[in-house]
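A.B. asks: One file is attached below, protein00.txt, containing compact mmCIF, C-alpha atoms.
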```txt
# COMPACT_ATOMS: atom_id res chain seq x y z
CA MET X 22 253.38 -91.98 -87.85
CA SER X 23 255.77 -94.82 -87.84
CA ALA X 24 256.80 -93.94 -91.37
CA ILE X 25 258.56 -90.93 -90.00
CA GLU X 26 261.07 -92.85 -87.98
CA PRO X 27 263.21 -94.98 -90.18
CA ASN X 28 266.04 -94.39 -87.76
CA VAL X 29 266.08 -97.98 -86.64
CA ALA X 30 269.38 -99.08 -85.27
CA VAL X 31 271.05 -101.35 -87.72
CA ALA X 32 271.57 -104.32 -85.48
CA ALA X 33 273.10 -106.97 -87.60
CA VAL X 34 273.67 -106.46 -91.26
CA PRO X 35 275.95 -109.07 -92.64
CA HIS X 36 275.40 -107.84 -96.15
CA GLY X 37 278.04 -109.79 -97.91
CA GLU X 38 280.41 -107.03 -98.89
CA GLU X 39 281.44 -105.10 -95.80
CA HIS X 40 282.77 -101.61 -96.25
CA ASP X 41 282.51 -101.25 -92.48
CA HIS X 42 281.05 -97.72 -92.72
CA HIS X 43 277.34 -98.44 -92.83
CA ASP X 44 275.02 -95.45 -92.79
CA PRO X 45 273.42 -95.54 -89.32
CA ASN X 46 270.34 -93.81 -90.74
CA LEU X 47 269.72 -96.53 -93.30
CA ALA X 48 267.41 -99.26 -92.09
CA HIS X 49 268.52 -102.73 -93.07
CA HIS X 50 265.48 -103.45 -95.20
CA PHE X 51 266.29 -100.66 -97.63
CA ASP X 52 268.94 -100.84 -100.32
CA THR X 53 269.72 -97.15 -100.56
CA PRO X 54 268.99 -93.95 -98.60
CA ASP X 55 267.09 -92.71 -101.62
CA GLN X 56 264.81 -95.74 -101.62
CA GLN X 57 264.25 -95.27 -97.90
CA PHE X 58 263.47 -91.59 -98.37
CA GLN X 59 261.00 -92.21 -101.18
CA THR X 60 259.28 -94.96 -99.20
CA GLY X 61 258.91 -92.68 -96.19
CA LYS X 62 257.43 -90.02 -98.40
CA LEU X 63 254.93 -92.35 -99.98
CA GLY X 64 253.90 -93.60 -96.56
CA THR X 65 253.39 -90.05 -95.36
CA TRP X 66 251.32 -89.14 -98.40
CA MET X 67 249.18 -92.21 -97.75
CA PHE X 68 248.68 -91.00 -94.20
CA LEU X 69 247.82 -87.51 -95.43
CA ALA X 70 245.25 -89.06 -97.79
CA THR X 71 243.52 -90.67 -94.79
CA GLU X 72 243.60 -87.30 -93.04
CA ILE X 73 241.89 -85.71 -96.03
CA LEU X 74 239.28 -88.46 -96.01
CA MET X 75 238.66 -87.99 -92.28
CA PHE X 76 238.19 -84.24 -92.62
CA GLY X 77 236.18 -84.97 -95.76
CA GLY X 78 233.51 -86.52 -93.54
CA LEU X 79 233.29 -83.31 -91.55
CA PHE X 80 233.20 -81.18 -94.66
CA CYS X 81 230.38 -83.38 -95.90
CA MET X 82 228.45 -82.75 -92.69
CA TYR X 83 229.07 -79.06 -93.17
CA ALA X 84 227.90 -79.11 -96.79
CA VAL X 85 224.69 -81.00 -96.05
CA TYR X 86 223.71 -78.72 -93.17
CA ARG X 87 224.58 -75.57 -95.00
CA HIS X 88 222.67 -76.74 -98.03
CA SER X 89 219.64 -77.54 -95.86
CA TYR X 90 219.74 -74.49 -93.59
CA PRO X 91 221.54 -71.70 -95.45
CA GLU X 92 220.02 -69.00 -93.29
CA VAL X 93 221.15 -70.65 -90.09
CA PHE X 94 224.74 -70.50 -91.30
CA GLU X 95 224.33 -66.94 -92.43
CA TYR X 96 222.89 -66.00 -89.07
CA ALA X 97 225.15 -67.97 -86.73
CA HIS X 98 228.45 -67.20 -88.42
CA GLN X 99 228.01 -63.60 -87.33
CA TYR X 100 229.24 -64.71 -83.92
CA LEU X 101 232.63 -65.62 -85.38
CA ASN X 102 235.24 -62.89 -85.51
CA ARG X 103 236.47 -62.84 -89.08
CA TYR X 104 239.46 -60.65 -88.26
CA LEU X 105 240.75 -63.11 -85.69
CA GLY X 106 240.12 -65.85 -88.25
CA ALA X 107 242.04 -63.96 -90.92
CA ALA X 108 244.87 -63.27 -88.47
CA ASN X 109 245.05 -66.96 -87.69
CA THR X 110 245.16 -67.78 -91.41
CA VAL X 111 248.15 -65.50 -91.87
CA VAL X 112 249.84 -66.92 -88.74
CA LEU X 113 249.44 -70.45 -90.02
CA ILE X 114 250.60 -69.59 -93.55
CA THR X 115 253.65 -67.90 -92.04
CA SER X 116 254.47 -70.97 -89.98
CA SER X 117 254.10 -73.03 -93.16
CA LEU X 118 256.69 -70.80 -94.79
CA THR X 119 259.12 -71.19 -91.90
CA MET X 120 258.59 -74.96 -91.95
CA ALA X 121 259.32 -75.15 -95.68
CA TRP X 122 262.37 -72.98 -95.10
CA GLY X 123 263.44 -75.30 -92.31
CA VAL X 124 263.30 -78.27 -94.68
CA ARG X 125 265.42 -76.29 -97.11
CA ALA X 126 267.92 -75.51 -94.35
CA ALA X 127 268.09 -79.19 -93.40
CA GLN X 128 268.69 -80.20 -97.01
CA MET X 129 271.52 -77.72 -97.21
CA GLY X 130 273.00 -78.86 -93.92
CA ASN X 131 272.49 -75.54 -92.15
CA LYS X 132 271.76 -76.68 -88.61
CA LYS X 133 271.48 -73.23 -87.05
CA LEU X 134 268.99 -71.99 -89.65
CA LEU X 135 267.01 -75.21 -89.34
CA MET X 136 266.66 -74.74 -85.60
CA ILE X 137 265.68 -71.09 -85.95
CA MET X 138 263.03 -71.99 -88.53
CA LEU X 139 261.63 -74.84 -86.42
CA ALA X 140 261.45 -72.54 -83.41
CA LEU X 141 259.61 -69.92 -85.47
CA THR X 142 257.20 -72.59 -86.75
CA LEU X 143 256.55 -73.63 -83.17
CA LEU X 144 255.95 -70.00 -82.26
CA GLY X 145 253.43 -69.68 -85.08
CA ALA X 146 251.61 -72.80 -83.92
CA ALA X 147 251.47 -71.44 -80.37
CA GLY X 148 250.20 -68.12 -81.71
CA PHE X 149 247.47 -69.92 -83.62
CA MET X 150 246.36 -71.80 -80.52
CA GLY X 151 246.48 -68.58 -78.52
CA ILE X 152 244.15 -66.77 -80.90
CA LYS X 153 241.96 -69.86 -81.07
CA SER X 154 241.67 -69.96 -77.30
CA ILE X 155 240.61 -66.31 -77.25
CA GLU X 156 237.86 -67.19 -79.69
CA TYR X 157 236.80 -70.29 -77.78
CA SER X 158 236.68 -68.53 -74.43
CA THR X 159 234.58 -65.74 -75.94
CA LYS X 160 232.10 -68.37 -77.12
CA TRP X 161 232.16 -69.91 -73.68
CA LYS X 162 231.35 -66.57 -72.05
CA GLU X 163 228.58 -65.92 -74.53
CA HIS X 164 227.02 -69.30 -73.81
CA ILE X 165 227.32 -70.42 -77.38
CA PHE X 166 229.72 -73.24 -76.67
CA ILE X 167 229.07 -76.81 -77.73
CA GLY X 168 226.32 -78.95 -76.19
CA SER X 169 223.17 -78.27 -74.22
CA GLY X 170 224.73 -75.25 -72.51
CA ASN X 171 224.40 -73.44 -75.81
CA LEU X 172 221.71 -70.74 -75.65
CA TYR X 173 220.33 -71.86 -78.98
CA TYR X 174 219.97 -75.43 -77.85
CA ARG X 175 216.72 -74.64 -76.06
CA ASP X 176 213.31 -74.45 -77.59
CA ALA X 177 212.65 -71.24 -79.45
CA ALA X 178 209.17 -71.09 -77.92
CA ASP X 179 210.76 -70.68 -74.50
CA THR X 180 210.29 -66.94 -73.99
CA VAL X 181 212.89 -66.65 -71.22
CA ASN X 182 215.47 -68.22 -73.47
CA ARG X 183 214.39 -66.11 -76.39
CA THR X 184 214.95 -62.95 -74.37
CA LYS X 185 218.45 -64.19 -73.53
CA VAL X 186 219.19 -64.83 -77.19
CA GLN X 187 218.01 -61.37 -78.12
CA GLY X 188 220.12 -59.88 -75.36
CA LEU X 189 223.17 -61.73 -76.70
CA GLU X 190 222.44 -60.58 -80.22
CA GLU X 191 222.31 -57.01 -79.05
CA GLU X 192 225.51 -57.32 -77.09
CA ALA X 193 227.61 -59.41 -79.45
CA LEU X 194 226.21 -58.68 -82.88
CA HIS X 195 224.70 -55.22 -82.46
CA ILE X 196 221.89 -56.33 -84.71
CA ARG X 197 219.40 -53.99 -83.14
CA GLU X 198 221.67 -50.96 -83.21
CA PRO X 199 220.78 -48.12 -85.59
CA VAL X 200 220.96 -49.86 -88.92
CA GLU X 201 221.97 -46.86 -91.03
CA ALA X 202 225.42 -46.75 -89.50
CA LYS X 203 226.08 -50.35 -90.56
CA GLU X 204 224.54 -50.29 -93.93
CA GLY X 205 226.64 -47.32 -94.89
CA VAL X 206 229.55 -49.74 -95.08
CA THR X 207 227.84 -52.34 -97.14
CA LYS X 208 225.87 -51.71 -100.27
CA VAL X 209 222.36 -51.94 -98.89
CA THR X 210 222.13 -48.30 -97.83
CA SER X 211 219.43 -47.39 -100.26
CA GLU X 212 217.16 -50.17 -99.13
CA PRO X 213 214.21 -49.06 -97.01
CA ARG X 214 213.87 -50.71 -93.65
CA ASP X 215 210.98 -52.76 -92.48
CA PRO X 216 208.86 -50.24 -90.55
CA ASN X 217 208.10 -52.95 -88.05
CA ALA X 218 211.73 -53.52 -87.13
CA GLY X 219 212.09 -53.56 -83.37
CA THR X 220 208.68 -55.08 -82.82
CA PRO X 221 209.65 -58.63 -83.64
CA ASP X 222 206.33 -60.39 -83.56
CA GLU X 223 204.65 -58.03 -85.97
CA ALA X 224 207.67 -57.86 -88.18
CA LYS X 225 207.30 -61.53 -88.76
CA ILE X 226 203.66 -61.47 -89.66
CA VAL X 227 202.97 -58.23 -91.46
CA PRO X 228 205.35 -58.10 -94.43
CA PRO X 229 203.93 -61.02 -96.40
CA ASN X 230 200.52 -59.41 -96.31
CA ILE X 231 201.47 -56.06 -97.71
CA THR X 232 202.10 -55.29 -101.35
CA PRO X 233 204.93 -57.01 -103.23
CA ALA X 234 206.72 -53.69 -103.22
CA GLY X 235 206.86 -53.85 -99.46
CA LEU X 236 207.88 -57.46 -99.38
CA ALA X 237 210.87 -57.23 -101.62
CA PRO X 238 213.06 -54.95 -99.52
CA THR X 239 212.37 -56.95 -96.39
CA VAL X 240 213.54 -60.12 -98.07
CA ALA X 241 216.58 -58.40 -99.47
CA VAL X 242 217.62 -57.13 -96.05
CA ALA X 243 216.92 -60.47 -94.48
CA THR X 244 218.90 -62.58 -96.89
CA HIS X 245 221.91 -60.33 -97.24
CA HIS X 246 222.84 -58.60 -94.06
CA HIS X 247 222.61 -58.87 -90.32
CA LEU X 248 220.05 -61.56 -90.13
CA SER X 249 218.49 -61.70 -86.69
CA TYR X 250 217.03 -64.53 -84.69
CA ASP X 251 213.51 -63.24 -85.19
CA GLU X 252 213.89 -63.42 -88.92
CA LEU X 253 214.62 -67.14 -88.85
CA GLU X 254 211.87 -69.64 -89.44
CA SER X 255 211.00 -71.64 -86.37
CA GLN X 256 212.45 -74.87 -87.80
CA GLU X 257 215.67 -72.96 -88.45
CA ARG X 258 215.89 -71.62 -84.90
CA HIS X 259 216.18 -75.16 -83.64
CA ARG X 260 219.20 -75.65 -85.88
CA VAL X 261 221.31 -72.67 -84.84
CA TYR X 262 223.16 -74.65 -82.20
CA THR X 263 224.03 -77.18 -84.89
CA PHE X 264 226.17 -74.54 -86.55
CA PHE X 265 228.16 -74.20 -83.34
CA ALA X 266 228.45 -77.97 -83.06
CA ILE X 267 229.89 -78.07 -86.58
CA TYR X 268 232.16 -75.11 -85.89
CA PHE X 269 233.60 -76.61 -82.73
CA PHE X 270 233.89 -80.09 -84.19
CA MET X 271 235.79 -78.93 -87.27
CA THR X 272 238.01 -76.33 -85.62
CA GLY X 273 238.47 -78.60 -82.60
CA LEU X 274 239.75 -81.52 -84.64
CA HIS X 275 241.96 -79.11 -86.54
CA GLY X 276 243.22 -77.67 -83.24
CA ILE X 277 244.14 -81.15 -82.05
CA HIS X 278 246.16 -81.56 -85.23
CA VAL X 279 247.96 -78.32 -84.48
CA LEU X 280 248.84 -79.60 -81.00
CA VAL X 281 250.12 -82.88 -82.45
CA GLY X 282 252.12 -80.85 -84.95
CA MET X 283 253.67 -78.84 -82.12
CA GLY X 284 254.74 -82.07 -80.47
CA LEU X 285 256.29 -83.36 -83.71
CA ILE X 286 258.12 -80.11 -84.40
CA THR X 287 259.51 -80.10 -80.85
CA TRP X 288 260.77 -83.63 -81.41
CA ILE X 289 262.43 -82.59 -84.68
CA LEU X 290 263.92 -79.56 -82.99
CA ILE X 291 265.49 -81.71 -80.28
CA ARG X 292 266.89 -84.13 -82.84
CA ALA X 293 268.23 -81.24 -84.91
CA SER X 294 270.03 -79.90 -81.86
CA ARG X 295 271.77 -83.29 -81.61
CA ASN X 296 273.16 -82.88 -85.12
CA GLU X 297 271.09 -85.73 -86.45
CA PHE X 298 270.18 -84.09 -89.74
CA GLY X 299 272.19 -83.08 -92.73
CA PRO X 300 272.18 -83.09 -96.54
CA THR X 301 272.21 -86.89 -96.62
CA TYR X 302 269.58 -87.46 -93.96
CA PHE X 303 266.67 -85.06 -93.36
CA THR X 304 263.69 -87.39 -93.87
CA PRO X 305 261.97 -86.70 -90.52
CA VAL X 306 262.17 -82.94 -91.07
CA ASP X 307 260.65 -83.30 -94.51
CA LEU X 308 257.83 -85.61 -93.39
CA VAL X 309 256.86 -83.56 -90.35
CA GLY X 310 256.86 -80.61 -92.73
CA LEU X 311 254.37 -82.39 -94.99
CA TYR X 312 252.11 -83.02 -92.02
CA TRP X 313 252.37 -79.40 -90.93
CA HIS X 314 251.43 -78.16 -94.40
CA ILE X 315 248.31 -80.33 -94.51
CA VAL X 316 247.22 -78.79 -91.21
CA ASP X 317 247.64 -75.38 -92.81
CA LEU X 318 245.80 -76.58 -95.88
CA ILE X 319 242.73 -77.67 -93.94
CA TRP X 320 242.57 -74.31 -92.25
CA ILE X 321 242.72 -72.62 -95.66
CA PHE X 322 239.33 -74.24 -96.33
CA LEU X 323 237.89 -73.90 -92.83
CA PHE X 324 238.44 -70.16 -92.68
CA PRO X 325 236.27 -69.00 -95.60
CA LEU X 326 233.67 -71.72 -95.05
CA LEU X 327 233.06 -70.88 -91.39
CA TYR X 328 233.99 -67.22 -90.99
CA LEU X 329 233.19 -65.68 -94.34
CA ILE X 330 229.65 -66.78 -95.08
CA HIS X 331 227.91 -64.22 -97.19
CA MET A 22 273.09 -69.72 -96.78
CA SER A 23 274.39 -70.20 -100.23
CA THR A 24 273.07 -68.47 -103.26
CA ALA A 25 272.32 -71.74 -104.94
CA GLN A 26 269.06 -71.73 -106.81
CA SER A 27 268.49 -75.42 -106.87
CA LEU A 28 271.06 -77.92 -105.99
CA GLU A 29 271.12 -81.61 -106.28
CA TYR A 30 273.05 -83.39 -103.63
CA ASP A 31 274.85 -85.81 -105.82
CA SER A 32 277.31 -87.65 -103.76
CA HIS A 33 280.68 -88.98 -104.62
CA GLN A 34 279.86 -92.22 -102.89
CA ASP A 35 277.19 -93.26 -105.37
CA SER A 36 274.08 -94.52 -103.55
CA ASP A 37 274.64 -92.69 -100.28
CA ALA A 38 272.78 -89.61 -101.44
CA VAL A 39 269.14 -88.70 -101.43
CA HIS A 40 268.26 -86.95 -104.63
CA VAL A 41 266.04 -84.01 -103.91
CA HIS A 42 265.10 -80.69 -105.30
CA VAL A 43 265.91 -77.93 -102.84
CA MET A 44 263.30 -75.22 -103.08
CA PRO A 45 264.90 -71.87 -103.90
CA ALA A 46 264.32 -69.16 -101.30
CA TRP A 47 262.71 -66.76 -103.74
CA VAL A 48 260.08 -69.36 -104.67
CA LEU A 49 259.15 -69.86 -101.03
CA LEU A 50 258.88 -66.11 -100.45
CA THR A 51 256.87 -65.52 -103.62
CA VAL A 52 254.44 -68.28 -102.75
CA TYR A 53 254.10 -66.85 -99.26
CA GLY A 54 253.37 -63.38 -100.64
CA VAL A 55 250.71 -64.73 -102.99
CA LEU A 56 249.12 -66.71 -100.16
CA VAL A 57 248.84 -63.62 -97.96
CA VAL A 58 247.41 -61.53 -100.79
CA ALA A 59 244.89 -64.29 -101.54
CA THR A 60 243.87 -64.36 -97.88
CA ILE A 61 243.20 -60.62 -97.97
CA ALA A 62 241.30 -61.06 -101.23
CA THR A 63 239.07 -63.77 -99.81
CA VAL A 64 238.12 -61.49 -96.90
CA ALA A 65 237.63 -58.49 -99.17
CA ILE A 66 235.39 -60.35 -101.58
CA THR A 67 232.80 -60.99 -98.86
CA LEU A 68 232.17 -57.24 -98.71
CA VAL A 69 230.84 -57.44 -102.27
CA ASP A 70 227.50 -59.07 -102.81
CA LEU A 71 227.85 -61.62 -105.61
CA GLY A 72 224.89 -63.77 -104.63
CA ILE A 73 225.63 -67.43 -105.07
CA MET A 74 229.01 -66.58 -106.58
CA ASN A 75 230.33 -65.56 -103.17
CA ILE A 76 230.71 -69.16 -102.04
CA TRP A 77 232.30 -70.15 -105.35
CA ALA A 78 234.72 -67.24 -105.23
CA ALA A 79 235.72 -68.25 -101.70
CA LEU A 80 236.20 -71.88 -102.75
CA ILE A 81 238.16 -71.03 -105.90
CA ILE A 82 240.54 -68.85 -103.89
CA ALA A 83 240.88 -71.61 -101.29
CA VAL A 84 241.65 -74.22 -103.95
CA PHE A 85 244.20 -71.88 -105.53
CA LYS A 86 245.91 -71.36 -102.16
CA ALA A 87 245.83 -75.09 -101.44
CA ALA A 88 247.41 -75.81 -104.82
CA LEU A 89 250.27 -73.41 -104.09
CA VAL A 90 250.91 -75.00 -100.69
CA ILE A 91 250.85 -78.50 -102.17
CA LEU A 92 252.99 -77.77 -105.22
CA TYR A 93 255.68 -75.63 -103.59
CA PHE A 94 255.67 -75.87 -99.79
CA MET A 95 255.07 -79.62 -99.98
CA HIS A 96 257.14 -79.70 -103.19
CA LEU A 97 254.82 -82.17 -104.83
CA ARG A 98 255.68 -80.57 -108.15
CA TYR A 99 259.16 -82.05 -107.94
CA ASP A 100 258.07 -85.22 -106.23
CA SER A 101 257.19 -88.70 -107.38
CA LEU A 102 254.10 -88.75 -109.58
CA PHE A 103 252.66 -91.55 -107.50
CA ASN A 104 252.42 -89.31 -104.41
CA GLY A 105 250.36 -86.91 -106.49
CA ILE A 106 248.06 -89.73 -107.55
CA VAL A 107 247.52 -90.67 -103.89
CA LEU A 108 246.55 -87.08 -103.09
CA ILE A 109 244.32 -86.56 -106.10
CA SER A 110 242.43 -89.79 -105.52
CA ALA A 111 241.78 -88.86 -101.88
CA LEU A 112 240.44 -85.48 -102.98
CA GLY A 113 238.40 -87.14 -105.71
CA PHE A 114 236.72 -89.50 -103.28
CA VAL A 115 235.93 -86.66 -100.89
CA MET A 116 234.26 -84.80 -103.75
CA VAL A 117 232.24 -87.85 -104.72
CA PHE A 118 231.23 -88.30 -101.10
CA ILE A 119 230.08 -84.70 -100.64
CA GLY A 120 228.51 -84.51 -104.09
CA VAL A 121 226.36 -87.60 -103.63
CA ALA A 122 225.38 -86.54 -100.10
CA LEU A 123 224.26 -83.16 -101.42
CA MET A 124 222.28 -84.72 -104.26
CA ASP A 125 220.51 -86.90 -101.72
CA THR A 126 219.80 -83.94 -99.44
CA SER A 127 218.29 -82.01 -102.33
CA GLU A 128 215.91 -84.88 -103.00
CA TYR A 129 214.53 -84.73 -99.48
CA LYS A 130 214.69 -80.99 -98.96
CA SER A 131 211.04 -80.39 -99.85
CA ASN A 132 210.01 -82.91 -97.21
CA PHE A 133 211.16 -80.89 -94.28
CA GLN A 134 210.84 -77.33 -95.47
CA PRO A 135 207.47 -75.80 -96.18
CA PRO A 136 207.39 -74.36 -99.70
CA GLY A 137 206.77 -70.68 -100.28
CA THR A 138 208.78 -69.53 -97.30
CA ARG A 139 212.01 -67.66 -97.38
CA MET A 140 213.82 -70.87 -98.10
CA MET A 141 212.73 -70.51 -101.67
CA MET A 142 214.44 -67.16 -101.94
CA SER A 143 217.60 -68.29 -100.29
CA SER A 144 217.99 -71.24 -102.58
CA GLN A 145 218.50 -68.70 -105.32
CA ASN A 146 220.72 -66.45 -103.30
CA GLY A 147 223.14 -68.77 -101.72
CA LEU A 148 224.05 -72.28 -100.93
```
The structure in this file should be written as structure tokens.

C.D. replies:
Amino acid sequence: MSAIEPNVAVAAVPHGEEHDHHDPNLAHHFDTPDQQFQTGKLGTWMFLATEILMFGGLFCMYAVYRHSYPEVFEYAHQYLNRYLGAANTVVLITSSLTMAWGVRAAQMGNKKLLMIMLALTLLGAAGFMGIKSIEYSTKWKEHIFIGSGNLYYRDAADTVNRTKVQGLEEEALHIREPVEAKEGVTKVTSEPRDPNAGTPDEAKIVPPNITPAGLAPTVAVATHHHLSYDELESQERHRVYTFFAIYFFMTGLHGIHVLVGMGLITWILIRASRNEFGPTYFTPVDLVGLYWHIVDLIWIFLFPLLYLIH
Amino acid sequence: MSTAQSLEYDSHQDSDAVHVHVMPAWVLLTVYGVLVVATIATVAITLVDLGIMNIWAALIIAVFKAALVILYFMHLRYDSLFNGIVLISALGFVMVFIGVALMDTSEYKSNFQPPGTRMMMSSQNGL
């Protein structure tokens, strides 16, 4: 992010006319502060474009897998806590607001307000990482972390592993709990249950052989709510861990960006405390702000795509 | 804090000033309010079964929120047009990338999924 630091010491600028007072914030290769500011902004937007392209690759991976295995996504996303995800969205949006307000404070030369706003932004970022770490450690405890340690990584034919998966489902998702209680909340209440529910092996085989009238409700329940491992096709079961790989890859890269952002905001905060910013020079505040907003922006897409699969 | 709505820092010493649009406080707060409401809406809408429209509703809300962040928090609305072109072209290429990848995936889908299974149903119900 070299574009952010145009604060190069003006070593020797024999610029013909010498009015002695040369703006220390103006690098010698720029004619005016405005030109310098606009250049910095363009550079930052270029950088943000490459960020979008990088995350675009991950979103492409997501789209292809979801398109190929929609049921896997519908099943696996149940392990994500949508309320923690929503809380994190609000935390990040709030820190975006304080960042934007900080830029405003810098432009108006209000140092105290700028520092308060930067501190609040930093607090929001820390809060986001805190909630994220709660989510990650839950996944770790449930053995659905990334890699071969993931319960779903193993072969579905492995009966020991299958029992573990079913145990986890029961504990974390409550899939096998009395269904009526759940369906009362959603709109599926009226739908009759598969009489074979609870005896997984038969439940898989019998429904297609009975009358169409019996088949329809089973499909409706399966595709809309509380999909269980047993309802997945065998080629889908092998893909469940891929969802977690995608989840951790996307949120992990985003989390790294949040950490980088925290570093940048701390740097700006220190510089602000040294009275380096004012109405005539606030470029670094503005550019770090742009970066921080793009981090927020990526999360705005990650949240519904990962947590809110219907 | 002053009550200024939008002030231009025009300097007396000609070129020493950076000309910017300072975002009024009420705009920032309004945008924030709308973003929070939209977040609640995107969670609430998953409780309603809209079939394939669920994913589109989620994406439309996300794009709407992103547009607000870009236009006001990142003040692109008052920024150089060229910065906007940089952003839009990046987004455009990402869409081309994902679109073509999905078209390709659709072509091969029948090769690795046996027809007549639940996959057929889900292709109508969701992405």

A.B. asks: Which residues of chain X have any atom within 7 Å of an atom in chain A when counting only C-alpha atoms, and what is the closest pair of atoms for each, with the distance in Å to one decimal? Order the rows by chain and rising number and write it as a Markdown table.

C.D. replies:
```
| residue | atom | partner | partner_atom | distance |
| --- | --- | --- | --- | --- |
| X:Thr53 | CA | A:Ser36 | CA | 5.9 |
| X:Pro54 | CA | A:Val39 | CA | 6.0 |
| X:Asp55 | CA | A:Val39 | CA | 4.5 |
| X:Leu63 | CA | A:Asn104 | CA | 5.9 |
| X:Trp66 | CA | A:Asn104 | CA | 6.1 |
| X:Met67 | CA | A:Val107 | CA | 6.5 |
| X:Ala70 | CA | A:Ala111 | CA | 5.4 |
| X:Ile73 | CA | A:Ala111 | CA | 6.6 |
| X:Leu74 | CA | A:Val115 | CA | 6.2 |
| X:Gly77 | CA | A:Val115 | CA | 5.4 |
| X:Cys81 | CA | A:Ile119 | CA | 4.9 |
| X:Val85 | CA | A:Leu123 | CA | 5.8 |
| X:Arg87 | CA | A:Leu148 | CA | 6.8 |
| X:His88 | CA | A:Leu148 | CA | 5.5 |
| X:Ser89 | CA | A:Lys130 | CA | 6.8 |
| X:Pro91 | CA | A:Leu148 | CA | 6.1 |
| X:Val111 | CA | A:Val57 | CA | 6.4 |
| X:Leu118 | CA | A:Tyr53 | CA | 6.5 |
| X:Ala121 | CA | A:Phe94 | CA | 5.5 |
| X:Arg125 | CA | A:Val43 | CA | 6.0 |
| X:Gln128 | CA | A:Val43 | CA | 6.8 |
| X:Thr207 | CA | A:Leu68 | CA | 6.7 |
| X:Thr244 | CA | A:Ser143 | CA | 6.8 |
| X:Thr301 | CA | A:Ala38 | CA | 5.6 |
| X:Leu311 | CA | A:Met95 | CA | 5.8 |
| X:His314 | CA | A:Met95 | CA | 6.8 |
| X:Leu318 | CA | A:Ala87 | CA | 5.8 |
| X:Ile321 | CA | A:Ala83 | CA | 6.0 |
| X:Phe322 | CA | A:Ala83 | CA | 5.8 |
| X:Pro325 | CA | A:Ala79 | CA | 6.2 |
| X:Leu329 | CA | A:Thr67 | CA | 6.5 |
| X:His331 | CA | A:Thr67 | CA | 6.1 |
```

A.B. asks: Just give me the residues with any atom within 7 Å of (226.3, -61.1, -89.4), file coordinates, counting all atoms listed in the file, written as a ChimeraX atom specification.

C.D. replies: /X:95-96,98-99,194,246-248

A.B. asks: Please indicate the distance in Å from CA of His43 in chain X to CA of Gly64 in chain X, rounded to one decimal place.

C.D. replies: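 According to the coordinates, CA of His43 in chain X and CA of Gly64 in chain X are separated by 24.2 Å.
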
A.B. asks: When you draw a straight line from CA of Ala293 in chain X to CA of Leu141 in chain X, how long is it in Å?

C.D. replies: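 Distance reported for this atom pair: 14.2 Å.
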
A.B. asks: Contacts of Gly310 in chain X at 6 Å or less, counting all atoms listed in the file, minus same-chain residues fewer than 3 places along, as a PyMOL selection string?

C.D. replies: chain X and resi 120+307+313

A.B. asks: Save range 142-152 of chain X from what I just supplied, as a short mmCIF file (atom, residue, chain, number, x, y, z; two decimals), in the first residue's frame, atoms limited to N, CA and C atoms.

C.D. replies:
```
data_model
loop_
_atom_site.label_atom_id
_atom_site.label_comp_id
_atom_site.auth_asym_id
_atom_site.auth_seq_id
_atom_site.Cartn_x
_atom_site.Cartn_y
_atom_site.Cartn_z
N THR X 142 -13.48 2.45 15.68
CA THR X 142 -13.36 1.55 14.52
C THR X 142 -12.51 0.34 14.89
N LEU X 143 -11.43 0.62 15.61
CA LEU X 143 -10.53 -0.44 16.05
C LEU X 143 -11.27 -1.40 16.98
N LEU X 144 -12.09 -0.83 17.85
CA LEU X 144 -12.89 -1.64 18.77
C LEU X 144 -13.84 -2.55 17.99
N GLY X 145 -14.48 -1.98 16.97
CA GLY X 145 -15.39 -2.78 16.15
C GLY X 145 -14.65 -3.92 15.47
N ALA X 146 -13.46 -3.62 14.96
CA ALA X 146 -12.68 -4.67 14.29
C ALA X 146 -12.33 -5.78 15.27
N ALA X 147 -11.93 -5.37 16.49
CA ALA X 147 -11.60 -6.37 17.51
C ALA X 147 -12.84 -7.19 17.87
N GLY X 148 -13.98 -6.51 17.97
CA GLY X 148 -15.23 -7.22 18.26
C GLY X 148 -15.55 -8.24 17.19
N PHE X 149 -15.34 -7.84 15.94
CA PHE X 149 -15.59 -8.76 14.82
C PHE X 149 -14.70 -10.00 14.95
N MET X 150 -13.43 -9.77 15.20
CA MET X 150 -12.51 -10.91 15.32
C MET X 150 -12.84 -11.76 16.54
N GLY X 151 -13.32 -11.13 17.59
CA GLY X 151 -13.73 -11.88 18.78
C GLY X 151 -14.87 -12.83 18.47
N ILE X 152 -15.91 -12.30 17.83
CA ILE X 152 -17.06 -13.14 17.47
C ILE X 152 -16.62 -14.23 16.51
#
```
